[in-house]
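The data block below is model16.txt; it holds compact mmCIF, C-alpha atoms.
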# COMPACT_ATOMS: atom_id res chain seq x y z
CA SER A 1 108.84 26.54 -112.95
CA SER A 2 108.03 23.92 -115.49
CA GLY A 3 109.67 20.55 -115.50
CA ASN A 4 109.07 16.91 -115.14
CA PRO A 5 106.12 16.42 -112.72
CA SER A 6 107.80 13.51 -111.07
CA THR A 7 110.89 15.63 -110.42
CA ARG A 8 108.81 18.40 -108.85
CA TRP A 9 107.03 15.82 -106.63
CA THR A 10 110.32 14.32 -105.48
CA ALA A 11 111.74 17.75 -104.65
CA SER A 12 108.63 18.63 -102.68
CA ARG A 13 108.94 15.46 -100.61
CA PHE A 14 112.62 16.19 -99.97
CA LEU A 15 111.93 19.75 -98.78
CA ALA A 16 109.08 18.59 -96.58
CA GLY A 17 111.39 16.08 -94.98
CA MET A 18 114.03 18.71 -94.35
CA ASN A 19 111.48 20.93 -92.64
CA ARG A 20 110.34 18.30 -90.23
CA ARG A 21 111.61 18.79 -86.71
CA LYS A 22 114.31 16.33 -85.82
CA PRO A 23 113.30 13.97 -83.04
CA PRO A 24 114.90 14.58 -79.66
CA ALA A 25 118.30 13.02 -79.10
CA ALA A 26 116.80 10.54 -76.68
CA SER A 27 114.31 9.38 -79.33
CA ARG A 28 117.10 8.97 -81.90
CA ARG A 29 119.07 6.91 -79.45
CA GLN A 30 116.02 4.82 -78.73
CA THR A 31 115.60 4.17 -82.46
CA ARG A 32 119.22 3.15 -82.85
CA CYS A 33 119.74 1.22 -79.65
CA GLY A 34 116.36 -0.08 -78.69
CA LYS A 35 114.72 0.86 -75.43
CA LEU A 36 116.57 3.32 -73.29
CA LYS A 37 117.55 2.25 -69.83
CA PRO A 38 115.33 3.92 -67.25
CA PRO A 39 117.06 6.75 -65.44
CA HIS A 40 118.88 5.72 -62.31
CA PRO A 41 116.55 6.16 -59.39
CA ALA A 42 117.62 8.84 -56.98
CA ALA A 43 119.53 7.33 -54.11
CA PRO A 44 117.14 7.15 -51.20
CA ASN A 45 117.94 9.55 -48.43
CA ARG A 46 119.68 7.57 -45.80
CA PRO A 47 117.61 8.02 -42.67
CA THR A 48 119.50 9.90 -40.02
CA PRO A 49 119.67 8.26 -36.63
CA LEU A 50 117.36 10.93 -35.30
CA ARG A 51 114.78 10.27 -38.00
CA ALA A 52 115.19 6.56 -37.51
CA ALA A 53 114.53 7.06 -33.86
CA GLU A 54 111.32 9.02 -34.56
CA GLU A 55 110.08 6.43 -37.03
CA PHE A 56 111.03 3.44 -34.92
CA GLY A 57 107.87 1.40 -35.28
CA MET A 58 108.64 -2.01 -33.80
CA HIS A 59 107.79 -0.90 -30.29
CA ARG A 60 105.09 1.36 -28.91
CA PHE A 61 105.93 4.03 -26.34
CA GLN A 62 103.33 4.81 -23.73
CA PRO A 63 103.10 6.39 -20.28
CA ALA A 64 104.03 4.14 -17.40
CA HIS A 65 101.57 3.34 -14.61
CA ALA A 66 101.91 2.22 -11.02
CA SER A 67 101.33 -1.39 -12.06
CA ASP A 68 104.45 -1.19 -14.24
CA LEU A 69 106.75 -0.40 -11.32
CA PRO A 70 107.96 -3.98 -10.66
CA ALA A 71 108.84 -4.55 -14.34
CA ILE A 72 110.63 -1.18 -14.57
CA ARG A 73 112.65 -1.92 -11.46
CA ARG A 74 113.67 -5.31 -12.87
CA LEU A 75 114.78 -3.71 -16.13
CA LEU A 76 116.81 -1.09 -14.29
CA ARG A 77 118.51 -3.73 -12.13
CA ASP A 78 119.30 -5.77 -15.25
CA ASN A 79 121.06 -2.66 -16.59
CA ASP A 80 122.90 -1.98 -13.31
CA LEU A 81 121.03 1.30 -12.89
CA PRO A 82 119.87 2.70 -9.54
CA CYS A 83 116.23 2.21 -8.68
CA ASP A 84 116.12 2.27 -4.87
CA ASP A 85 114.43 5.67 -4.88
CA LEU A 86 111.91 4.82 -7.59
CA GLU A 87 108.31 4.79 -6.40
CA ALA A 88 104.96 4.72 -8.14
CA VAL A 89 104.63 8.48 -7.70
CA HIS A 90 107.56 8.99 -10.11
CA LEU A 91 105.94 7.08 -12.96
CA ASP A 92 103.69 9.90 -14.15
CA ARG A 93 106.78 11.22 -15.96
CA PHE A 94 107.99 7.87 -17.27
CA GLN A 95 107.74 6.52 -20.80
CA MET A 96 108.04 2.83 -21.59
CA ALA A 97 108.17 0.70 -24.72
CA THR A 98 106.67 -2.74 -25.05
CA ASP A 99 107.09 -5.48 -27.60
CA PRO A 100 104.09 -6.92 -29.50
CA ALA A 101 103.51 -9.36 -26.65
CA GLY A 102 103.32 -6.54 -24.12
CA GLY A 103 106.70 -7.17 -22.51
CA LEU A 104 108.72 -4.21 -21.26
CA VAL A 105 111.74 -3.56 -23.46
CA ALA A 106 112.72 0.06 -22.64
CA CYS A 107 111.98 2.83 -20.19
CA VAL A 108 113.03 6.36 -19.35
CA GLY A 109 111.92 8.91 -16.80
CA LEU A 110 112.00 12.62 -16.03
CA GLU A 111 112.20 14.50 -12.76
CA ILE A 112 111.03 18.01 -13.57
CA HIS A 113 112.04 21.10 -11.62
CA GLY A 114 110.88 24.29 -13.31
CA ASP A 115 112.28 24.57 -16.81
CA ALA A 116 114.96 21.93 -16.12
CA ALA A 117 114.58 18.20 -15.76
CA LEU A 118 116.68 15.21 -14.84
CA LEU A 119 116.62 12.49 -17.47
CA ARG A 120 116.93 9.27 -15.53
CA SER A 121 116.45 5.51 -15.65
CA LEU A 122 117.01 5.06 -19.38
CA ALA A 123 117.27 1.32 -19.91
CA VAL A 124 116.88 -1.11 -22.82
CA ALA A 125 116.41 -4.84 -22.48
CA THR A 126 119.50 -6.79 -23.50
CA ALA A 127 117.78 -8.70 -26.31
CA HIS A 128 116.61 -5.44 -27.93
CA ARG A 129 119.87 -3.49 -27.95
CA ARG A 130 121.77 -2.25 -31.01
CA HIS A 131 118.61 -1.79 -33.07
CA GLY A 132 117.84 1.88 -32.48
CA LEU A 133 115.65 1.45 -29.43
CA GLY A 134 118.03 3.40 -27.19
CA SER A 135 117.87 6.36 -29.57
CA ALA A 136 114.09 6.07 -29.79
CA THR A 137 113.88 6.14 -26.01
CA VAL A 138 115.90 9.38 -25.85
CA VAL A 139 113.59 10.92 -28.44
CA ALA A 140 110.53 9.84 -26.45
CA ALA A 141 111.94 11.49 -23.31
CA GLU A 142 112.81 14.71 -25.14
CA ARG A 143 109.38 14.89 -26.75
CA LEU A 144 107.73 14.48 -23.36
CA ALA A 145 110.02 17.12 -21.83
CA ARG A 146 109.24 19.66 -24.56
CA SER A 147 105.51 19.07 -24.15
CA LEU A 148 105.88 19.91 -20.45
CA GLY A 149 107.79 23.15 -21.03
CA VAL A 150 111.25 21.83 -20.14
CA ARG A 151 114.08 23.83 -21.68
CA TRP A 152 117.10 21.99 -20.28
CA LEU A 153 117.68 18.29 -19.73
CA TYR A 154 120.40 17.04 -17.38
CA LEU A 155 121.61 13.53 -16.73
CA LEU A 156 124.29 11.54 -14.94
CA THR A 157 125.97 8.57 -16.55
CA THR A 158 128.88 6.30 -15.74
CA THR A 159 128.95 4.29 -18.99
CA ALA A 160 127.08 6.07 -21.81
CA ALA A 161 128.67 9.52 -22.17
CA SER A 162 129.63 8.93 -25.81
CA PHE A 163 126.12 7.72 -26.62
CA PHE A 164 124.59 10.91 -25.26
CA GLU A 165 127.27 13.17 -26.77
CA ALA A 166 126.39 11.79 -30.19
CA ARG A 167 122.79 12.82 -29.51
CA GLY A 168 123.48 16.45 -28.72
CA TYR A 169 124.29 16.32 -25.00
CA ARG A 170 127.30 18.17 -23.66
CA ARG A 171 129.42 17.57 -20.58
CA HIS A 172 128.62 19.94 -17.75
CA GLU A 173 130.11 20.67 -14.36
CA ARG A 174 128.06 18.69 -11.89
CA ALA A 175 128.29 21.45 -9.29
CA SER A 176 126.83 23.92 -11.82
CA ALA A 177 123.59 21.98 -12.32
CA PRO A 178 120.45 23.71 -11.02
CA PRO A 179 120.22 23.42 -7.22
CA ALA A 180 116.85 21.66 -7.41
CA LEU A 181 118.42 18.90 -9.50
CA GLN A 182 121.38 18.62 -7.17
CA ARG A 183 118.95 17.87 -4.37
CA THR A 184 117.50 14.85 -6.19
CA THR A 185 118.45 11.43 -4.88
CA GLU A 186 120.34 10.56 -8.05
CA PHE A 187 122.55 13.64 -7.76
CA SER A 188 123.00 13.62 -4.01
CA THR A 189 123.18 9.92 -3.18
CA LEU A 190 122.77 7.26 -5.86
CA CYS A 191 125.19 8.28 -8.61
CA PRO A 192 128.89 8.25 -7.72
CA ALA A 193 131.13 11.27 -7.97
CA SER A 194 132.74 9.69 -11.03
CA ALA A 195 129.47 9.92 -13.01
CA VAL A 196 129.58 12.36 -15.92
CA CYS A 197 127.05 15.18 -15.79
CA MET A 198 125.61 16.16 -19.18
CA THR A 199 123.03 18.62 -20.42
CA LYS A 200 121.08 19.51 -23.56
CA ASN A 201 119.25 22.71 -24.50
CA LEU A 202 115.89 21.62 -25.91
CA THR A 203 115.11 25.07 -27.33
CA LEU A 204 117.85 24.85 -29.97
CA PRO A 205 117.14 23.38 -33.40
CA ARG A 206 117.21 19.63 -33.20
CA GLU A 207 120.53 18.14 -34.17
CA VAL A 208 121.11 15.15 -36.38
CA PHE A 209 123.46 13.14 -34.29
CA ARG A 210 126.60 11.48 -35.50
CA GLU A 211 126.89 7.83 -36.31
CA GLN A 212 127.28 6.07 -33.02
CA PRO A 213 126.39 2.57 -31.80
CA ASP A 214 123.06 2.42 -30.08
CA LEU A 215 122.53 1.26 -26.54
Before we go any further, please render this structure as structure tokens.
Amino acid sequence: SSGNPSTRWTASRFLAGMNRRKPPAASRRQTRCGKLKPPHPAAPNRPTPLRAAEEFGMHRFQPAHASDLPAIRRLLRDNDLPCDDLEAVHLDRFQMATDPAGGLVACVGLEIHGDAALLRSLAVATAHRRHGLGSATVVAAERLARSLGVRWLYLLTTTAASFFEARGYRRHERASAPPALQRTTEFSTLCPASAVCMTKNLTLPREVFREQPDL
């Protein structure tokens, strides 16, 4: 229609403005309030004790050798653990952790009998306790056992039943352990009758253990 050109031009600008897409709500807020706060970062997944044990990087686990026998015996005696039966021949199924200077800070061993094994001689140096090294040592033993085809781990303990229970081990009648394990020196001689017998099925999905103080 006819009319004042300036009026038609103003109306056209108004309609064009109405047809523009409104900016997103976030952009409008940014215009009004300045920069938006960055979104809250997702809370980091708290590492489970099991994961922490696997990723424990301050110490390096490695197979023990005959030359390590004196140091392993000293560590076991410092932890009031039996070692009278321990000979160099046993060390081919031992794992040990050393500090950056090469000092022994943890050890653990297996005595394998078929698809069952005795987890024995788990010890952590006093100065390195309560930092996850005990859990890491259990993980190292279980990894070694799985690699050797072990399905069941057994152990005897007089002081650490709660520690092992929190890591998936269950109390077990000592007399019901496999006969080959009952014939080991730890079962038959070294560990007292008061020691708690425990077992873990390594073929089950790995459990995330409950919060529990480390060794």
Using only C-alpha atoms, the best pick from A:Arg60, A:Ala97, A:Cys107, A:Arg167 as closest to Ile72 in chain A would be A:Cys107
I want to know what sits within 12 Å of Arg151 in chain A, based on all atoms listed in the file, with residues of the same chain fewer than 5 positions away left out; could you give that as a PyMOL selection string? chain A and resi 112-118+142-146+199-204
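Note that the spacing between CA of Leu156 in chain A and CA of Ala66 in chain A amounts to 24.6 Å.
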One decimal place gives the CA of Ala141 in chain A-CA of Val108 in chain A separation as 6.6 Å
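In terms of minimum interatomic distance to Phe61 in chain A, A:Ala136 ranks closest within A:Ala127, A:Ala136, A:Leu81, A:Cys191, counting only C-alpha atoms.
For Gly102 in chain A, the residues within 12 Å (counting all atoms listed in the file, excluding itself and residues fewer than 4 positions away along the chain) are Met58, His59, Arg60, Phe61, Gln62, Asp68, Ala71, Met96, Ala97, Thr98 and Ala106 of chain A.
Interatomic distance, CA of Glu173 in chain A against CA of Val196 in chain A: 8.5 Å.
Residues lying within 12 Å of (129.9, 10.7, -9.3). Counted over all atoms listed in the file, they are Leu155, Leu156, Thr157, Thr158, Thr159, Glu173, Arg174, Ala175, Gln182, Glu186, Phe187, Ser188, Thr189, Leu190, Cys191, Pro192, Ala193, Ser194, Ala195, Val196 and Cys197 of chain A.
Within the 12 Å cut-off around Arg129 in chain A, using all atoms listed in the file and omitting residues fewer than 2 positions from it on the same chain, the listed residues are Asn79, Val105, Ala106, Ala123, Val124, Ala125, Thr126, Ala127, His131, Gly132, Leu133, Gly134, Ser135, Ala136, Thr137, Pro213, Asp214 and Leu215 of chain A.
Proximity of A:Pro179, A:Leu86, A:Pro205, A:His172 to Arg120 in chain A, computed with all atoms listed in the file, is greatest for A:Leu86.
For the residues A:Gly149, A:Pro63, A:Gly168, A:Pro82, ranking by smallest atom-to-atom distance to Ser121 in chain A using only C-alpha atoms places A:Pro82 first.
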**Item:** Expected answer as a PyMOL selection string: all residues with atoms within 9 Å of (103.6, 7.4, -12.2), all atoms listed in the file
**Value:** chain A and resi 63-66+68-69+87-94
